[in-house]
Each structure stands twice: as structure tokens, then as C-alpha cells.
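For reference, the structure is listed below as C-alpha cells.
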Amino acid sequence: MNLKQYPNVHVSTHPLLKHKITIIRNKETRTALFREIVNEIASLEGYEVFRNLKTKNIHIETPLEKTTQPMVDLKKICVVPILRAGLGMVEGLIKLVPEAKVGYIGIYRNEKTHKPVEYLCKLPKNIKQMEVFLIDPMLATGGSAIDAISTLKKHGAKKINFICIVAAPEGVKAFCKKYPDVTLYIGALDRKLNKNKYILPGLGDAGDRIHGTED
């Protein structure tokens with residue numbers, strides 16, 4: 001996949017992030033460790049994603065002198081997980097921005113049509129003034145992310161970023177075609193989707209593995 005034609009897409013090259021993604025790919029990784037590593041991955045991605053946050057100068061006094069120093073307005077940040085798998089990434093990001101607001105969008109995939117179905121939306125009232133970080137471990141077909149972004153825009157969100165751990169080329173292409181104005185951050189770009197629309201090599205069903213509900 002030629003990423004040069006998608007300037008809004010950023011794929012991490014951090015070796016520690018790749019290492020941790022390999023751990024959660026392994027089918028032998030059990031729920032407790034899987035959940036822990038997903039949070040660690042979210043934090044690692046967060047350091048990259050939050051690099052472009054705007055700061056404003058404030059006046060403080062150190063033990064030695066008065067000075068003007070930069071601060072981020074954390075109250076203007078909103079983290080929005082796509083339920084239920086996205087919940088597994090919330091803690092890892094909130095550790096970095098503890099004053100950020102958290103919204104929720106509930107979407108599930110119809111197993112027959114593979115289309116997203118929305119069942120919940122709870123967002124801060126001032127979402128129009130906030131920078132939104134939509135999160136979901138997987139970007140497969142792109143349907144859930146596209147639908148969630150559509151919901152955010154309907155509620156007035158203007159500055160939106162999407163963060164995922166693993167993505168398929170098919171999902172990235174669909175995402176960028178629909179929303180070239182939304183910045184996409186990816187931990188690992190995988191090979192393709194299989195006939196059931198699961199990412200290969202992927203890591204299985206992230207929601208089931210985070211919540212321990214595998215068959």
C-alpha cells in the first residue's frame with residue numbers, strides 16, 4: 001500500500017510499540033495480559049498522537065524566579081472509544097491527559113452484512129470546541145470508524161483524530177476516501193482482510209480478547 005497518497009495517515013515505526021503488538025497478536029496471550037498490553041500500546045501511541053496539541057503560555061513562579069511557560073488546555077480534549085473494544089484503550093490515553101473528557105459511541109458489526117449498527121452515543125455538550133480522539137483497536141473494513149466519525153460530525157465535532165492499533169489496507173482506503181480531513185494514527189498496517197472481514201495476520205476479535213468473551 002502506497003501511503004504517500006494518504007497524507008492524513010501515520011503508521012508508527014516505534015520498535016517498542018511493534019514489540020507489544022506482537023504480544024497481543026499471539027493467541028497464547030491471555031485476557032489479563034492482553035488488556036494490560038493494549039493499555040500500554042494506547043499510551044505509546046498517545047505520546048505520538050498528542051505531539052501536535054496546542055499550548056498556551058501561563059505565568060508561574062519556580063523556587064528561583066517568575067517565568068512564563070507552556071501548558072495544554074486538557075479540558076478541550078475528548079477521548080471517544082467505539083464500544084466495546086475501544087474501552088480497552090481509554091485508560092492508556094487518560095493517563096496522559098487526565099483532565100480530558102470521555103464520550104462514548106456504541107457500534108457493533110452485523111455478522112451477516114458486516115455493516116456497522118449504532119446503538120449508543122454520549123458526548124460532551126461542548127464537543128464543537130474540543131479536539132476529539134476517536135479510538136478503536138481495529139480498523140478492518142473501516143465501517144465502524146466511518147460511521148462513528150459521521151456521528152461526531154453530526155454533533156458538531158470539527159477537529160477529529162482516529163487512533164487504532166491494527167489496520168487493514170482496505171479499511172484505510174475506505175476511511176481516507178470518506179474522511180480525508182481526519183488524521184489516522186495506526187500502530188501496525190497489516191496485509192489484508194479475509195473473507196469474513198477479519199484482519200490478517202491481525203489479532204483476532206479485540207473486544208472478545210479484552211473482555212474475555214472468546215468462544
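Please note that chains go A, B, ... in the order of the C-alpha cells, that every chain numbers its residues from 1, and that ligands are numbered from 1 in the order shown.
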With the cut-off set at 8 Å and counting only C-alpha atoms, tabulate each residue of range 71-165 of chain A with an atom at most that distance from an atom of range 190-209 of chain A, showing the nearest atom pair and its distance in Å to one decimal, ordered by chain and increasing number, as a tab-separated table.
residue	atom	partner	partner_atom	distance
A:Arg84	CA	A:Gly207	CA	6.1
A:Ala85	CA	A:Gly207	CA	4.1
A:Gly86	CA	A:Gly207	CA	7.8
A:His114	CA	A:Lys197	CA	7.5
A:Pro137	CA	A:Ala206	CA	6.7
A:Met138	CA	A:Ala206	CA	7.2
A:Ala140	CA	A:Ile199	CA	5.9
A:Thr141	CA	A:Lys197	CA	6.8
All residues 7 Å or closer to Gly143 in chain A, only C-alpha atoms, same chain fewer than 3 positions away omitted, as a PyMOL selection string: chain A and resi 115-116+146-147
Give me a file of those residues, with N, CA and C atoms, as a tab-separated table (two decimals), in the first residue's frame.
chain	number	residue	atom	x	y	z
A	115	LYS	N	-21.98	-4.82	8.20
A	115	LYS	CA	-22.20	-3.38	8.29
A	115	LYS	C	-22.30	-2.95	9.77
A	116	PRO	N	-21.85	-1.72	10.08
A	116	PRO	CA	-21.94	-1.25	11.47
A	116	PRO	C	-23.36	-0.84	11.85
A	146	ILE	N	-15.93	4.99	10.18
A	146	ILE	CA	-16.61	5.95	9.30
A	146	ILE	C	-17.95	6.35	9.90
A	147	ASP	N	-18.68	5.37	10.40
A	147	ASP	CA	-19.99	5.65	11.00
A	147	ASP	C	-19.84	6.50	12.26
Range 108-154 of chain A: residues DSSP assigns to strand (DSSP E), reported as a list in words: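 Strand (DSSP E) members of range 108-154 of chain A, listed: Tyr108, Arg109, Pro116, Val117, Glu118, Tyr119, Leu120, Cys121, Lys122, Glu131, Val132, Phe133, Leu134, Ile135, Met138 and Leu139 of chain A.
The gap separating CA of Arg25 in chain A from CA of Glu48 in chain A is 21.7 Å, in Å to one decimal.
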Which range 14-84 of chain A residues have any atom within 9 Å of an atom of range 164-184 of chain A, and for each, what is the nearest pair of atoms with distance in Å to one decimal, counting only C-alpha atoms, rows sorted by chain and number, as CSV?
residue,atom,partner,partner_atom,distance
A:Ile21,CA,A:Ile165,CA,7.7
A:Val38,CA,A:Ile165,CA,8.4
A:Ile41,CA,A:Ile165,CA,7.6
A:Ala42,CA,A:Ile165,CA,7.8
A:Glu45,CA,A:Ile165,CA,8.4
Neighbour list for Phe50 in chain A as a ChimeraX atom specification, cut-off 12 Å, only C-alpha atoms, skip fewer than 5 positions in-chain: /A:42-45,55,72,74,77-79,93-94,96-97,131-133,161-163,183,185
Close residues, Met130 in chain A itself excluded, 10 Å, only C-alpha atoms, min 6 positions apart in chain, as a ChimeraX atom specification: /A:74-79,100-101,124,156-160
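Closest approach to Gly88 in chain A among A:Val117, A:Ile210, A:Leu64, A:Leu16: A:Ile210, based on only C-alpha atoms.
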Per-residue DSSP, range 20-150 of chain A, filtered to alpha helix (DSSP H), as a VMD selection string: chain A and resid 20 to 25 31 to 49 87 to 94 143 to 150
Residue neighbourhood Ile60 in chain A, 12 Å, only C-alpha atoms, exclusion window fewer than 5 positions, as number ranges by chain: A: 65-71
